[in-house]
Amino acid sequence: KACPPAFASAQVELEVTANPDPARRGEPVEVELLVSNTSAVPQANLTVELDIPAGFSPLSEAFISDAGDCSVGTTCEAGEILRWTLATLAPAQAVRLSLPPSVAAVAVDGTQPSFAARVLQGGITLALAAASVTVSVAPVLDLALDASASPVAPGESFDYTLSFGNEGAAGLSSLTLRRPLPAGVSFVSASDGGAQIGGAVEWSLADLPAGAGST
């Protein structure tokens, strides 16, 4: 989500966005900074700084756009400052900077790390903006199970319907759907290539894009 700039000069404006929100552990977050020259004259000697918040895994400079430079070494870690040195911006010109940090596996559920950024010119701050995401440990896959009859008489057949969906922002692959057979239930058949393996029915699933689902 985007937060409105905390400050914007008459010369340069800054907007920061971070998506998806909420973001799950291990999920990449696309952080974008839009720097715009809103004045009638060129703006030179501009530097953009971004504070890397806690709760994100180290990110190599190779994945940062426009030659962004980490303050220590070639990997940006929590607590460091990421910097870009911009070419002169002509009137009405804008530049978009980006990076894809991933939420750390140990990030705390419900925290809201903030990406705070600023544009400086000769050491003077021209614009400030920030964007945050909420860390969520909710499962990426949504799964529901329905039975066609309940109760069921001895010897009577019934169907289980399993519905599933990818609630994350990235596609998933190499998935296996497994439904253990309850005590006293015998397997008859399954759709879509499902087969009994031991005491359960399993399906090997194809790639599941973000937001997709099936039964």
# chains A, B, ... in the order shown; residues from 1 in each chain; ligands from 1
call {"tool": "select_by_dssp", "arguments": {"residues": "chain A", "states": "helix (DSSP H, G or I)", "output": "ChimeraX atom specification"}}
result
/A:61-63,65-67
call {"tool": "residues_around", "arguments": {"residues": "segment 28-35 of chain A", "least_positions_apart": "2", "cutoff": "6 Å", "atoms": "only C-alpha atoms", "output": "list in words"}}
result
Glu13, Leu14, Glu15, Val16, Thr17, Ala18, Asn19, Ala94, Val95, Arg96, Leu97, Ser98, Leu99, Pro100, Pro101 and Ser102 of chain A
call {"tool": "write_last_selection", "arguments": {"atoms": "N, CA, C and O atoms", "output": "JSON list (two decimals), in the first residue's frame"}}
result
[["chain", "number", "residue", "atom", "x", "y", "z"],
["A", 13, "GLU", "N", 8.95, 15.79, -5.94],
["A", 13, "GLU", "CA", 7.98, 15.00, -5.19],
["A", 13, "GLU", "C", 8.44, 13.55, -5.14],
["A", 13, "GLU", "O", 9.10, 13.05, -6.07],
["A", 14, "LEU", "N", 8.05, 12.86, -4.06],
["A", 14, "LEU", "CA", 8.44, 11.47, -3.84],
["A", 14, "LEU", "C", 7.23, 10.66, -3.41],
["A", 14, "LEU", "O", 6.47, 11.08, -2.53],
["A", 15, "GLU", "N", 7.05, 9.51, -4.04],
["A", 15, "GLU", "CA", 5.99, 8.57, -3.66],
["A", 15, "GLU", "C", 6.61, 7.19, -3.48],
["A", 15, "GLU", "O", 7.43, 6.76, -4.30],
["A", 16, "VAL", "N", 6.22, 6.49, -2.41],
["A", 16, "VAL", "CA", 6.72, 5.14, -2.15],
["A", 16, "VAL", "C", 5.53, 4.19, -2.05],
["A", 16, "VAL", "O", 4.54, 4.49, -1.39],
["A", 17, "THR", "N", 5.63, 3.03, -2.72],
["A", 17, "THR", "CA", 4.61, 1.99, -2.62],
["A", 17, "THR", "C", 5.28, 0.67, -2.27],
["A", 17, "THR", "O", 6.45, 0.44, -2.62],
["A", 18, "ALA", "N", 4.54, -0.21, -1.60],
["A", 18, "ALA", "CA", 5.04, -1.54, -1.23],
["A", 18, "ALA", "C", 3.89, -2.52, -1.33],
["A", 18, "ALA", "O", 2.86, -2.36, -0.66],
["A", 19, "ASN", "N", 4.05, -3.54, -2.17],
["A", 19, "ASN", "CA", 3.00, -4.53, -2.41],
["A", 19, "ASN", "C", 3.59, -5.93, -2.57],
["A", 19, "ASN", "O", 4.71, -6.06, -3.07],
["A", 94, "ALA", "N", 10.29, 12.15, -14.48],
["A", 94, "ALA", "CA", 10.21, 11.31, -13.30],
["A", 94, "ALA", "C", 11.05, 10.07, -13.50],
["A", 94, "ALA", "O", 11.27, 9.62, -14.64],
["A", 95, "VAL", "N", 11.53, 9.49, -12.42],
["A", 95, "VAL", "CA", 12.28, 8.25, -12.47],
["A", 95, "VAL", "C", 11.70, 7.30, -11.43],
["A", 95, "VAL", "O", 11.33, 7.72, -10.33],
["A", 96, "ARG", "N", 11.60, 6.03, -11.82],
["A", 96, "ARG", "CA", 11.03, 5.01, -10.93],
["A", 96, "ARG", "C", 12.14, 4.06, -10.49],
["A", 96, "ARG", "O", 12.80, 3.44, -11.32],
["A", 97, "LEU", "N", 12.34, 3.92, -9.21],
["A", 97, "LEU", "CA", 13.33, 3.03, -8.62],
["A", 97, "LEU", "C", 12.62, 1.86, -7.96],
["A", 97, "LEU", "O", 11.50, 2.01, -7.47],
["A", 98, "SER", "N", 13.27, 0.70, -7.92],
["A", 98, "SER", "CA", 12.57, -0.46, -7.34],
["A", 98, "SER", "C", 13.54, -1.46, -6.73],
["A", 98, "SER", "O", 14.73, -1.50, -7.06],
["A", 99, "LEU", "N", 12.99, -2.29, -5.84],
["A", 99, "LEU", "CA", 13.72, -3.39, -5.22],
["A", 99, "LEU", "C", 12.70, -4.42, -4.72],
["A", 99, "LEU", "O", 11.56, -4.05, -4.40],
["A", 100, "PRO", "N", 13.07, -5.72, -4.66],
["A", 100, "PRO", "CA", 12.13, -6.77, -4.25],
["A", 100, "PRO", "C", 12.55, -7.53, -3.00],
["A", 100, "PRO", "O", 12.80, -8.74, -3.04],
["A", 101, "PRO", "N", 12.68, -6.88, -1.84],
["A", 101, "PRO", "CA", 13.09, -7.60, -0.64],
["A", 101, "PRO", "C", 12.05, -8.64, -0.23],
["A", 101, "PRO", "O", 10.85, -8.45, -0.45],
["A", 102, "SER", "N", 12.51, -9.74, 0.38],
["A", 102, "SER", "CA", 11.60, -10.79, 0.84],
["A", 102, "SER", "C", 11.43, -10.72, 2.35],
["A", 102, "SER", "O", 12.39, -10.44, 3.09]]
call {"tool": "residues_around", "arguments": {"residues": "Pro22 of chain A", "least_positions_apart": "6", "cutoff": "8 Å", "atoms": "only C-alpha atoms", "output": "list of chain:residue names"}}
result
A:Val133, A:Thr134, A:Val135, A:Ser136
call {"tool": "closest_residue", "arguments": {"among": "A:Val41, A:Leu172, A:Pro209, A:Leu162", "to": "Asp192 of chain A", "atoms": "only C-alpha atoms"}}
result
A:Leu162
call {"tool": "select_by_dssp", "arguments": {"residues": "segment 142-188 of chain A", "states": "strand (DSSP E or B)", "output": "list of chain:residue names"}}
result
A:Asp142, A:Leu143, A:Ala144, A:Leu145, A:Asp146, A:Ala147, A:Tyr160, A:Thr161, A:Leu162, A:Ser163, A:Phe164, A:Gly165, A:Asn166, A:Leu172, A:Leu175, A:Thr176, A:Leu177, A:Arg178, A:Arg179, A:Pro180
call {"tool": "atom_distance", "arguments": {"atom1": "atom CA of Pro154 of chain A", "atom2": "atom CA of Pro180 of chain A"}}
result
19.2 Å
call {"tool": "atom_distance", "arguments": {"atom1": "atom CA of Ser132 of chain A", "atom2": "atom CA of Ser114 of chain A"}}
result
4.1 Å
call {"tool": "closest_residue", "arguments": {"among": "A:Asp159, A:Glu49, A:Glu61, A:Asp109", "to": "Val137 of chain A", "atoms": "only C-alpha atoms"}}
result
A:Asp109
